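Coordinates from upload11.pdb are shown below (PDB, C-alpha atoms and all ligand atoms).
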ATOM      1  CA  MET I   1      70.136  74.998 103.443
ATOM      2  CA  GLN I   2      73.879  74.948 103.842
ATOM      3  CA  ALA I   3      75.699  78.240 104.185
ATOM      4  CA  PRO I   4      77.948  78.963 101.211
ATOM      5  CA  LEU I   5      81.599  78.386 101.925
ATOM      6  CA  GLU I   6      83.913  81.359 102.486
ATOM      7  CA  PRO I   7      87.667  81.851 102.609
ATOM      8  CA  LEU I   8      88.640  79.664 105.561
ATOM      9  CA  ALA I   9      91.244  80.339 108.243
ATOM     10  CA  PHE I  10      92.161  77.497 110.613
ATOM     11  CA  THR I  11      93.584  77.254 114.110
ATOM     12  CA  PRO I  12      97.253  76.246 113.865
ATOM     13  CA  ILE I  13      98.211  72.955 115.529
ATOM     14  CA  LEU I  14     101.557  73.482 117.279
ATOM     15  CA  ARG I  15     103.919  70.540 117.812
ATOM     16  CA  ARG I  16     106.860  70.613 120.183
ATOM     17  CA  LEU I  17     109.860  68.465 119.276
ATOM     18  CA  VAL I  18     113.496  68.462 120.443
ATOM     19  CA  TRP I  19     114.760  70.171 117.271
ATOM     20  CA  GLY I  20     112.280  73.071 117.397
ATOM     21  CA  GLY I  21     112.782  76.703 118.375
ATOM     22  CA  ARG I  22     110.877  79.932 118.971
ATOM     23  CA  ARG I  23     110.624  81.556 115.549
ATOM     24  CA  LEU I  24     107.096  80.242 114.913
ATOM     25  CA  GLY I  25     106.154  82.771 117.568
ATOM     26  CA  THR I  26     108.760  85.491 117.205
ATOM     27  CA  LEU I  27     108.773  85.721 113.391
ATOM     28  CA  LEU I  28     105.387  84.300 112.418
ATOM     29  CA  GLY I  29     103.130  85.270 115.316
ATOM     30  CA  LYS I  30     101.982  81.754 116.260
ATOM     31  CA  PRO I  31     100.634  81.447 119.812
ATOM     32  CA  ILE I  32     103.622  79.702 121.398
ATOM     33  CA  GLY I  33     104.179  79.597 125.140
ATOM     34  CA  ASP I  34     107.417  79.356 127.095
ATOM     35  CA  GLY I  35     109.904  76.783 125.898
ATOM     36  CA  ASP I  36     112.308  76.662 123.011
ATOM     37  CA  ASP I  37     111.081  73.560 121.224
ATOM     38  CA  TYR I  38     108.226  74.780 119.024
ATOM     39  CA  ALA I  39     109.042  72.750 115.933
ATOM     40  CA  GLU I  40     105.983  72.605 113.716
ATOM     41  CA  SER I  41     102.796  74.481 113.092
ATOM     42  CA  TRP I  42     100.344  72.306 111.190
ATOM     43  CA  GLU I  43      98.418  74.912 109.268
ATOM     44  CA  LEU I  44      96.163  72.612 107.294
ATOM     45  CA  ALA I  45      95.871  68.990 108.349
ATOM     46  CA  ASP I  46      93.512  66.031 108.114
ATOM     47  CA  TYR I  47      95.715  63.301 109.504
ATOM     48  CA  HIS I  48      94.599  60.814 112.186
ATOM     49  CA  ASP I  49      93.918  62.896 115.343
ATOM     50  CA  GLN I  50      95.530  66.048 113.939
ATOM     51  CA  VAL I  51      92.670  67.788 112.175
ATOM     52  CA  SER I  52      92.425  71.497 111.436
ATOM     53  CA  VAL I  53      89.386  73.399 112.694
ATOM     54  CA  VAL I  54      87.986  76.558 111.112
ATOM     55  CA  ARG I  55      88.681  79.700 113.116
ATOM     56  CA  GLY I  56      86.049  82.424 112.736
ATOM     57  CA  GLY I  57      83.384  83.157 110.129
ATOM     58  CA  SER I  58      80.166  81.235 109.369
ATOM     59  CA  HIS I  59      81.900  77.857 109.694
ATOM     60  CA  ALA I  60      83.796  78.484 112.930
ATOM     61  CA  GLY I  61      84.418  75.218 114.779
ATOM     62  CA  VAL I  62      83.896  72.994 111.734
ATOM     63  CA  SER I  63      86.772  70.619 111.035
ATOM     64  CA  LEU I  64      88.508  70.208 107.708
ATOM     65  CA  ARG I  65      87.500  66.540 107.857
ATOM     66  CA  ASP I  66      83.822  67.497 108.159
ATOM     67  CA  LEU I  67      84.154  69.794 105.171
ATOM     68  CA  VAL I  68      85.676  66.936 103.154
ATOM     69  CA  ARG I  69      82.841  64.631 104.215
ATOM     70  CA  HIS I  70      79.900  66.961 103.841
ATOM     71  CA  ARG I  71      80.935  69.564 101.275
ATOM     72  CA  PRO I  72      83.333  67.767  98.904
ATOM     73  CA  ALA I  73      82.060  69.374  95.686
ATOM     74  CA  ASP I  74      82.180  72.864  97.227
ATOM     75  CA  LEU I  75      85.618  72.281  98.698
ATOM     76  CA  PHE I  76      87.366  70.356  95.916
ATOM     77  CA  GLY I  77      85.305  71.240  92.838
ATOM     78  CA  LYS I  78      82.928  68.786  91.149
ATOM     79  CA  ALA I  79      85.561  66.919  89.148
ATOM     80  CA  ARG I  80      87.665  66.310  92.290
ATOM     81  CA  ALA I  81      84.800  65.664  94.728
ATOM     82  CA  ASP I  82      85.542  61.945  95.185
ATOM     83  CA  GLN I  83      88.478  62.556  97.577
ATOM     84  CA  GLU I  84      87.938  61.085 101.037
ATOM     85  CA  GLN I  85      90.704  62.967 102.814
ATOM     86  CA  PHE I  86      92.174  66.415 102.323
ATOM     87  CA  PRO I  87      95.156  65.555 100.087
ATOM     88  CA  LEU I  88      97.742  68.095 101.253
ATOM     89  CA  LEU I  89      99.397  68.919 104.543
ATOM     90  CA  VAL I  90     100.716  72.439 105.040
ATOM     91  CA  LYS I  91     103.209  73.044 107.841
ATOM     92  CA  LEU I  92     105.689  75.600 109.070
ATOM     93  CA  LEU I  93     108.907  74.111 110.439
ATOM     94  CA  ASP I  94     111.397  75.868 112.710
ATOM     95  CA  ALA I  95     114.611  73.836 112.859
ATOM     96  CA  ARG I  96     116.799  75.094 115.690
ATOM     97  CA  GLU I  97     118.841  71.909 115.260
ATOM     98  CA  ASN I  98     119.389  69.608 112.300
ATOM     99  CA  LEU I  99     116.569  67.212 111.575
ATOM    100  CA  SER I 100     117.580  63.621 110.971
ATOM    101  CA  VAL I 101     118.671  62.631 107.479
ATOM    102  CA  GLN I 102     115.635  60.906 106.064
ATOM    103  CA  VAL I 103     113.716  59.701 103.060
ATOM    104  CA  HIS I 104     110.020  59.352 102.296
ATOM    105  CA  PRO I 105     108.446  56.536 100.287
ATOM    106  CA  ASP I 106     106.387  56.948  97.129
ATOM    107  CA  ASP I 107     102.735  55.925  97.180
ATOM    108  CA  VAL I 108     103.432  52.235  96.439
ATOM    109  CA  LEU I 109     106.157  51.812  99.080
ATOM    110  CA  GLY I 110     104.256  54.032 101.529
ATOM    111  CA  ARG I 111     101.356  51.610 101.433
ATOM    112  CA  GLU I 112     103.613  48.593 101.755
ATOM    113  CA  LEU I 113     106.044  49.821 104.404
ATOM    114  CA  ALA I 114     104.066  52.358 106.456
ATOM    115  CA  ASN I 115     100.374  51.851 105.632
ATOM    116  CA  ASP I 116     100.369  55.496 104.571
ATOM    117  CA  ARG I 117     100.492  57.580 101.440
ATOM    118  CA  GLY I 118     103.781  58.443  99.873
ATOM    119  CA  LYS I 119     105.275  61.796 100.666
ATOM    120  CA  THR I 120     106.513  64.248  98.114
ATOM    121  CA  GLU I 121     107.116  67.630  99.728
ATOM    122  CA  ALA I 122     108.207  71.132  98.838
ATOM    123  CA  TRP I 123     109.876  73.747 101.012
ATOM    124  CA  VAL I 124     109.877  77.497 100.739
ATOM    125  CA  VAL I 125     112.559  79.058 102.947
ATOM    126  CA  LEU I 126     111.265  81.856 105.196
ATOM    127  CA  ASP I 127     114.374  82.463 107.277
ATOM    128  CA  ALA I 128     117.904  81.064 107.331
ATOM    129  CA  GLU I 129     120.546  81.915 109.905
ATOM    130  CA  PRO I 130     124.100  82.498 108.642
ATOM    131  CA  GLY I 131     125.871  79.209 108.067
ATOM    132  CA  SER I 132     122.676  77.152 108.044
ATOM    133  CA  ALA I 133     122.205  74.357 105.543
ATOM    134  CA  ILE I 134     119.693  72.272 103.692
ATOM    135  CA  TYR I 135     120.755  68.810 102.545
ATOM    136  CA  ALA I 136     118.868  67.747  99.427
ATOM    137  CA  GLY I 137     119.782  64.637  97.512
ATOM    138  CA  LEU I 138     122.963  62.605  97.280
ATOM    139  CA  LYS I 139     126.122  63.920  95.693
ATOM    140  CA  PRO I 140     126.697  62.661  92.150
ATOM    141  CA  GLY I 141     128.055  59.133  92.128
ATOM    142  CA  VAL I 142     126.909  58.162  95.635
ATOM    143  CA  ASP I 143     125.491  54.693  95.161
ATOM    144  CA  ARG I 144     123.878  52.182  97.477
ATOM    145  CA  GLU I 145     127.190  50.729  98.699
ATOM    146  CA  THR I 146     128.754  54.140  99.357
ATOM    147  CA  LEU I 147     125.773  55.317 101.357
ATOM    148  CA  ARG I 148     125.650  52.054 103.284
ATOM    149  CA  ARG I 149     129.318  52.408 104.248
ATOM    150  CA  GLY I 150     128.679  56.018 105.315
ATOM    151  CA  ILE I 151     125.780  54.983 107.532
ATOM    152  CA  ASP I 152     127.766  52.143 109.073
ATOM    153  CA  SER I 153     130.702  54.426 109.872
ATOM    154  CA  GLY I 154     128.581  57.413 110.980
ATOM    155  CA  GLN I 155     129.867  59.597 108.139
ATOM    156  CA  VAL I 156     126.952  60.618 106.006
ATOM    157  CA  GLU I 157     127.190  64.404 105.768
ATOM    158  CA  SER I 158     129.973  64.342 103.154
ATOM    159  CA  LEU I 159     127.738  62.233 100.862
ATOM    160  CA  LEU I 160     124.855  64.729 100.853
ATOM    161  CA  HIS I 161     124.334  67.658  98.513
ATOM    162  CA  ARG I 162     124.431  70.764 100.688
ATOM    163  CA  ILE I 163     122.932  74.112  99.809
ATOM    164  CA  ASP I 164     123.132  77.450 101.609
ATOM    165  CA  PRO I 165     119.481  78.415 101.883
ATOM    166  CA  LYS I 166     118.231  81.956 101.369
ATOM    167  CA  PRO I 167     114.753  83.293 102.121
ATOM    168  CA  GLY I 168     112.556  82.670  99.083
ATOM    169  CA  ASP I 169     114.368  79.509  97.965
ATOM    170  CA  CYS I 170     111.975  76.732  96.984
ATOM    171  CA  LEU I 171     112.966  73.063  96.833
ATOM    172  CA  LEU I 172     110.930  70.121  95.605
ATOM    173  CA  ILE I 173     111.836  67.018  97.601
ATOM    174  CA  GLU I 174     110.283  64.173  95.689
ATOM    175  CA  ALA I 175     109.632  60.841  97.370
ATOM    176  CA  GLY I 176     112.858  58.833  97.309
ATOM    177  CA  THR I 177     115.169  61.840  97.838
ATOM    178  CA  VAL I 178     117.514  61.703 100.842
ATOM    179  CA  HIS I 179     117.238  65.031 102.675
ATOM    180  CA  ALA I 180     117.587  66.932 105.930
ATOM    181  CA  LEU I 181     116.557  70.351 107.086
ATOM    182  CA  GLY I 182     119.522  71.936 108.815
ATOM    183  CA  GLY I 183     119.519  73.879 112.065
ATOM    184  CA  GLY I 184     118.735  77.581 111.635
ATOM    185  CA  VAL I 185     116.260  77.160 108.791
ATOM    186  CA  LEU I 186     112.575  78.144 108.958
ATOM    187  CA  VAL I 187     110.440  76.820 106.106
ATOM    188  CA  ALA I 188     106.907  76.492 104.860
ATOM    189  CA  GLU I 189     106.292  72.905 103.795
ATOM    190  CA  ILE I 190     103.621  71.656 101.419
ATOM    191  CA  GLN I 191     103.366  67.904 101.190
ATOM    192  CA  GLN I 192     101.137  64.948 100.583
ATOM    193  CA  MET I 193      98.958  64.178 103.604
ATOM    194  CA  SER I 194     101.320  61.553 104.972
ATOM    195  CA  ASP I 195     103.761  61.034 107.803
ATOM    196  CA  ALA I 196     105.756  58.185 106.254
ATOM    197  CA  THR I 197     109.387  58.921 107.126
ATOM    198  CA  PHE I 198     112.400  56.625 107.342
ATOM    199  CA  ARG I 199     115.463  57.878 109.196
ATOM    200  CA  VAL I 200     118.795  57.152 107.567
ATOM    201  CA  PHE I 201     121.153  58.949 109.952
ATOM    202  CA  ASP I 202     120.730  61.042 113.090
ATOM    203  CA  TRP I 203     124.090  62.896 113.181
ATOM    204  CA  ASN I 204     125.427  60.438 115.805
ATOM    205  CA  ARG I 205     123.204  62.097 118.416
ATOM    206  CA  VAL I 206     121.647  60.518 121.453
ATOM    207  CA  GLY I 207     118.171  61.209 122.813
ATOM    208  CA  ALA I 208     117.181  62.344 126.303
ATOM    209  CA  ASP I 209     117.596  58.732 127.458
ATOM    210  CA  GLY I 210     121.242  58.677 126.324
ATOM    211  CA  LYS I 211     120.500  56.242 123.486
ATOM    212  CA  PRO I 212     120.540  56.919 119.740
ATOM    213  CA  ARG I 213     117.115  57.359 118.165
ATOM    214  CA  GLU I 214     115.809  54.490 116.084
ATOM    215  CA  LEU I 215     116.855  54.447 112.432
ATOM    216  CA  HIS I 216     115.011  52.698 109.637
ATOM    217  CA  VAL I 217     117.919  51.929 107.356
ATOM    218  CA  GLU I 218     116.500  48.867 105.575
ATOM    219  CA  LYS I 219     113.203  50.547 104.744
ATOM    220  CA  ALA I 220     114.999  53.742 103.775
ATOM    221  CA  MET I 221     117.303  51.834 101.436
ATOM    222  CA  ARG I 222     114.262  50.456  99.619
ATOM    223  CA  CYS I 223     112.828  53.958  99.188
ATOM    224  CA  ILE I 224     115.919  55.876  98.072
ATOM    225  CA  ASP I 225     116.119  56.676  94.387
ATOM    226  CA  PHE I 226     119.873  56.436  93.780
ATOM    227  CA  ASP I 227     119.453  57.874  90.275
ATOM    228  CA  ARG I 228     118.111  61.184  91.509
ATOM    229  CA  GLY I 229     121.291  62.986  92.577
ATOM    230  CA  PRO I 230     121.510  66.535  93.941
ATOM    231  CA  VAL I 231     118.442  68.758  94.277
ATOM    232  CA  ASP I 232     118.838  72.527  93.971
ATOM    233  CA  PRO I 233     116.383  75.356  94.583
ATOM    234  CA  VAL I 234     114.012  75.870  91.656
ATOM    235  CA  VAL I 235     114.845  78.718  89.296
ATOM    236  CA  PRO I 236     111.471  80.203  88.432
ATOM    237  CA  THR I 237     110.672  82.098  85.249
ATOM    238  CA  PRO I 238     108.772  85.162  86.478
ATOM    239  CA  LEU I 239     105.776  86.446  84.568
ATOM    240  CA  VAL I 240     105.363  90.200  84.976
ATOM    241  CA  LEU I 241     101.707  91.208  84.739
ATOM    242  CA  GLU I 242     100.424  94.518  83.334
ATOM    243  CA  ASN I 243      99.869  95.969  86.800
ATOM    244  CA  GLY I 244     103.443  95.158  87.812
ATOM    245  CA  ASP I 245     102.571  92.089  89.864
ATOM    246  CA  VAL I 246     104.857  89.111  89.393
ATOM    247  CA  ARG I 247     103.752  85.470  89.116
ATOM    248  CA  GLU I 248     106.383  82.788  89.535
ATOM    249  CA  PRO I 249     105.461  79.159  88.952
ATOM    250  CA  LEU I 250     107.620  77.291  91.469
ATOM    251  CA  VAL I 251     106.574  73.647  91.492
ATOM    252  CA  SER I 252     104.408  71.431  89.351
ATOM    253  CA  CYS I 253     104.219  67.803  90.415
ATOM    254  CA  ALA I 254     101.605  65.061  90.484
ATOM    255  CA  TYR I 255     100.282  66.212  93.866
ATOM    256  CA  PHE I 256     100.406  70.018  93.960
ATOM    257  CA  GLU I 257     101.305  73.120  92.048
ATOM    258  CA  LEU I 258     102.924  76.088  93.738
ATOM    259  CA  GLU I 259     103.066  79.625  92.500
ATOM    260  CA  ARG I 260     104.405  82.750  94.173
ATOM    261  CA  TRP I 261     102.557  86.032  93.577
ATOM    262  CA  THR I 262     104.378  89.240  94.406
ATOM    263  CA  LEU I 263     101.567  91.765  94.689
ATOM    264  CA  SER I 264     101.467  95.520  94.842
ATOM    265  CA  ALA I 265      97.769  95.866  93.974
ATOM    266  CA  ALA I 266      94.559  93.925  94.622
ATOM    267  CA  THR I 267      94.491  90.796  92.459
ATOM    268  CA  GLU I 268      92.161  87.833  92.028
ATOM    269  CA  ILE I 269      93.696  84.468  92.912
ATOM    270  CA  GLY I 270      91.980  81.093  92.782
ATOM    271  CA  ARG I 271      89.842  78.965  90.497
ATOM    272  CA  ASP I 272      86.305  77.610  90.579
ATOM    273  CA  ASP I 273      87.298  74.020  89.736
ATOM    274  CA  ARG I 274      89.754  73.350  92.603
ATOM    275  CA  PHE I 275      90.749  74.757  95.970
ATOM    276  CA  THR I 276      93.585  77.222  96.478
ATOM    277  CA  ILE I 277      95.722  77.446  99.613
ATOM    278  CA  LEU I 278      97.207  80.886 100.240
ATOM    279  CA  MET I 279     100.117  81.605 102.549
ATOM    280  CA  THR I 280     101.917  84.907 102.935
ATOM    281  CA  LEU I 281     105.694  84.566 102.624
ATOM    282  CA  GLU I 282     106.610  88.238 102.959
ATOM    283  CA  GLY I 283     104.669  91.311 104.010
ATOM    284  CA  GLU I 284     100.978  91.148 104.707
ATOM    285  CA  ALA I 285      97.804  90.804 102.656
ATOM    286  CA  LEU I 286      94.051  90.756 103.112
ATOM    287  CA  VAL I 287      91.653  88.241 101.587
ATOM    288  CA  ARG I 288      88.223  89.521 100.599
ATOM    289  CA  ALA I 289      85.520  87.654 102.506
ATOM    290  CA  PRO I 290      81.778  88.218 102.924
ATOM    291  CA  ARG I 291      81.998  89.240 106.579
ATOM    292  CA  GLY I 292      85.003  91.501 106.141
ATOM    293  CA  ASP I 293      88.503  91.031 104.835
ATOM    294  CA  LEU I 294      90.564  88.294 106.494
ATOM    295  CA  PRO I 295      94.155  89.161 107.439
ATOM    296  CA  LEU I 296      96.839  87.041 105.813
ATOM    297  CA  ARG I 297      99.948  87.898 107.782
ATOM    298  CA  ARG I 298     103.332  86.317 107.202
ATOM    299  CA  GLY I 299     103.102  82.585 107.842
ATOM    300  CA  GLU I 300      99.320  82.582 107.892
ATOM    301  CA  THR I 301      97.303  80.195 105.746
ATOM    302  CA  ILE I 302      93.862  80.609 104.188
ATOM    303  CA  LEU I 303      91.981  77.992 102.183
ATOM    304  CA  LEU I 304      89.845  79.189  99.292
ATOM    305  CA  PRO I 305      87.266  76.475  98.544
ATOM    306  CA  ALA I 306      86.588  75.823  94.847
ATOM    307  CA  SER I 307      83.000  77.041  95.222
ATOM    308  CA  ILE I 308      84.037  80.637  95.840
ATOM    309  CA  GLY I 309      86.209  80.828  92.723
ATOM    310  CA  PRO I 310      88.740  83.604  92.104
ATOM    311  CA  THR I 311      89.052  85.736  95.236
ATOM    312  CA  VAL I 312      90.459  89.225  95.707
ATOM    313  CA  VAL I 313      93.764  89.368  97.577
ATOM    314  CA  ILE I 314      94.883  92.849  98.647
ATOM    315  CA  PRO I 315      98.524  93.435  99.584
ATOM    316  CA  VAL I 316      99.239  95.801 102.457
ATOM    317  CA  GLY I 317     101.979  97.681 100.668
ATOM    318  CA  ARG I 318     103.742  94.856  98.922
ATOM    319  CA  ALA I 319     103.360  91.167  99.710
ATOM    320  CA  ALA I 320     104.592  87.813  98.439
ATOM    321  CA  VAL I 321     101.863  85.180  98.615
ATOM    322  CA  LEU I 322     102.245  81.480  97.944
ATOM    323  CA  ALA I 323      99.309  79.842  96.133
ATOM    324  CA  CYS I 324      98.961  76.075  96.148
ATOM    325  CA  GLN I 325      96.491  74.050  94.091
ATOM    326  CA  GLN I 326      95.892  70.484  93.055
ATOM    327  CA  PRO I 327      96.972  69.801  89.463
TER
HETATM  328 ZN    ZN A   1     110.921  65.327 104.658
END
Could I get this structure in the form of structure tokens?
Amino acid sequence: MQAPLEPLAFTPILRRLVWGGRRLGTLLGKPIGDGDDYAESWELADYHDQVSVVRGGSHAGVSLRDLVRHRPADLFGKARADQEQFPLLVKLLDARENLSVQVHPDDVLGRELANDRGKTEAWVVLDAEPGSAIYAGLKPGVDRETLRRGIDSGQVESLLHRIDPKPGDCLLIEAGTVHALGGGVLVAEIQQMSDATFRVFDWNRVGADGKPRELHVEKAMRCIDFDRGPVDPVVPTPLVLENGDVREPLVSCAYFELERWTLSAATEIGRDDRFTILMTLEGEALVRAPRGDLPLRRGETILLPASIGPTVVIPVGRAAVLACQQP
């Protein structure tokens, strides 16, 4: 007989890239070593050779891919059990430097141009240094020809919609939106399980070899939705519950729904017909589990399989917890 599933914590997969920093360790407690290029922590992944593995509990050592293969109804819920890959990728990104200006394809172009899914993603800002920026969408009126001229002349920044990010800001970057995460910003990212990215502009930088990094301008031009325009942080309508907790629906798209719970008392989160991903944005919480409560510190991620249904989440003091589900 198979052991019932439990709330699942996974070992983070750390990725070092030139634009990374140290805040994954210093602010979020990830096990970084020396070096100042810790760029990404893949919290929940089932992508080629990057696959999350359960840390602790009855299923310690089991991979997310094995759970998808062997326990799909328990993990996804019966009505969603036909999925062959975990559909969402959850990351933390520490941008010490600007990331390249880029665009992701939708599902149709992803298949055609990158043999991958499309990539719609959402960011929740965890930390933003003074003067840092997020670039999200093109300024009104920037058309194909204007952008092309900007790329050719190395002047793209003035064509991008710039926002001054604050902790708690949430942005939905739909496939086809030109965007860049600016240096100084630390975000949680929820996205389709895809790595299809086309670079439009790399800030006229050169790599370690003295040469500019490869751009993918033609493919990017096919993916950009020139009708989309600027993207601003979502303005949620908070729902205040009887116990004083606050629920804020942040994002609802074809691939995921995000809600922020600001908790001051134990609350049940989750559903029995789909999984729920929890991540603490502020403060600290505990997640009730059969072998003892699991800590959910800032930047930590726990997956609640559908089979366990609504699960008690206990704030330590006060905590803001992000909940992510499939629609
Ligand atoms: Zn992106």
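What the PyMOL selection byres (((chain I and resi 90) around 8) and not hetatm) grabs from this file is I:Trp42, I:Glu43, I:Leu44, I:Ala45, I:Leu88, I:Leu89, I:Lys91, I:Leu92, I:Ala188, I:Glu189, I:Ile190, I:Gln191.
Going from atom CA of I:His48 to atom CA of I:Ala254 covers 23.2 Å.
Taking atom CA of I:His216 as the reference point, atom CA of I:Val124 is found at 26.8 Å.
Pairwise distance (atom CA of I:Lys119, atom CA of I:Ala196) equals 6.7 Å.
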Can you pull out the residues contacting I:Arg15? Cut-off 12 Å, using all atoms listed in the file, and skip same-chain residues under 6 positions away; I want them as a PDB file with C-alpha atoms, keeping the file's coordinate frame.
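Okay, this is what ended up in result06.pdb:
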ATOM      1  CA  GLY I  21     112.782  76.703 118.375  1.00  0.00           C
ATOM      2  CA  ARG I  22     110.877  79.932 118.971  1.00  0.00           C
ATOM      3  CA  LEU I  24     107.096  80.242 114.913  1.00  0.00           C
ATOM      4  CA  LYS I  30     101.982  81.754 116.260  1.00  0.00           C
ATOM      5  CA  PRO I  31     100.634  81.447 119.812  1.00  0.00           C
ATOM      6  CA  ILE I  32     103.622  79.702 121.398  1.00  0.00           C
ATOM      7  CA  GLY I  33     104.179  79.597 125.140  1.00  0.00           C
ATOM      8  CA  GLY I  35     109.904  76.783 125.898  1.00  0.00           C
ATOM      9  CA  ASP I  36     112.308  76.662 123.011  1.00  0.00           C
ATOM     10  CA  ASP I  37     111.081  73.560 121.224  1.00  0.00           C
ATOM     11  CA  TYR I  38     108.226  74.780 119.024  1.00  0.00           C
ATOM     12  CA  ALA I  39     109.042  72.750 115.933  1.00  0.00           C
ATOM     13  CA  GLU I  40     105.983  72.605 113.716  1.00  0.00           C
ATOM     14  CA  SER I  41     102.796  74.481 113.092  1.00  0.00           C
ATOM     15  CA  TRP I  42     100.344  72.306 111.190  1.00  0.00           C
ATOM     16  CA  GLU I  43      98.418  74.912 109.268  1.00  0.00           C
ATOM     17  CA  GLN I  50      95.530  66.048 113.939  1.00  0.00           C
ATOM     18  CA  LYS I  91     103.209  73.044 107.841  1.00  0.00           C
ATOM     19  CA  LEU I  92     105.689  75.600 109.070  1.00  0.00           C
ATOM     20  CA  LEU I  93     108.907  74.111 110.439  1.00  0.00           C
ATOM     21  CA  ASP I  94     111.397  75.868 112.710  1.00  0.00           C
TER      22      ASP I  94
END
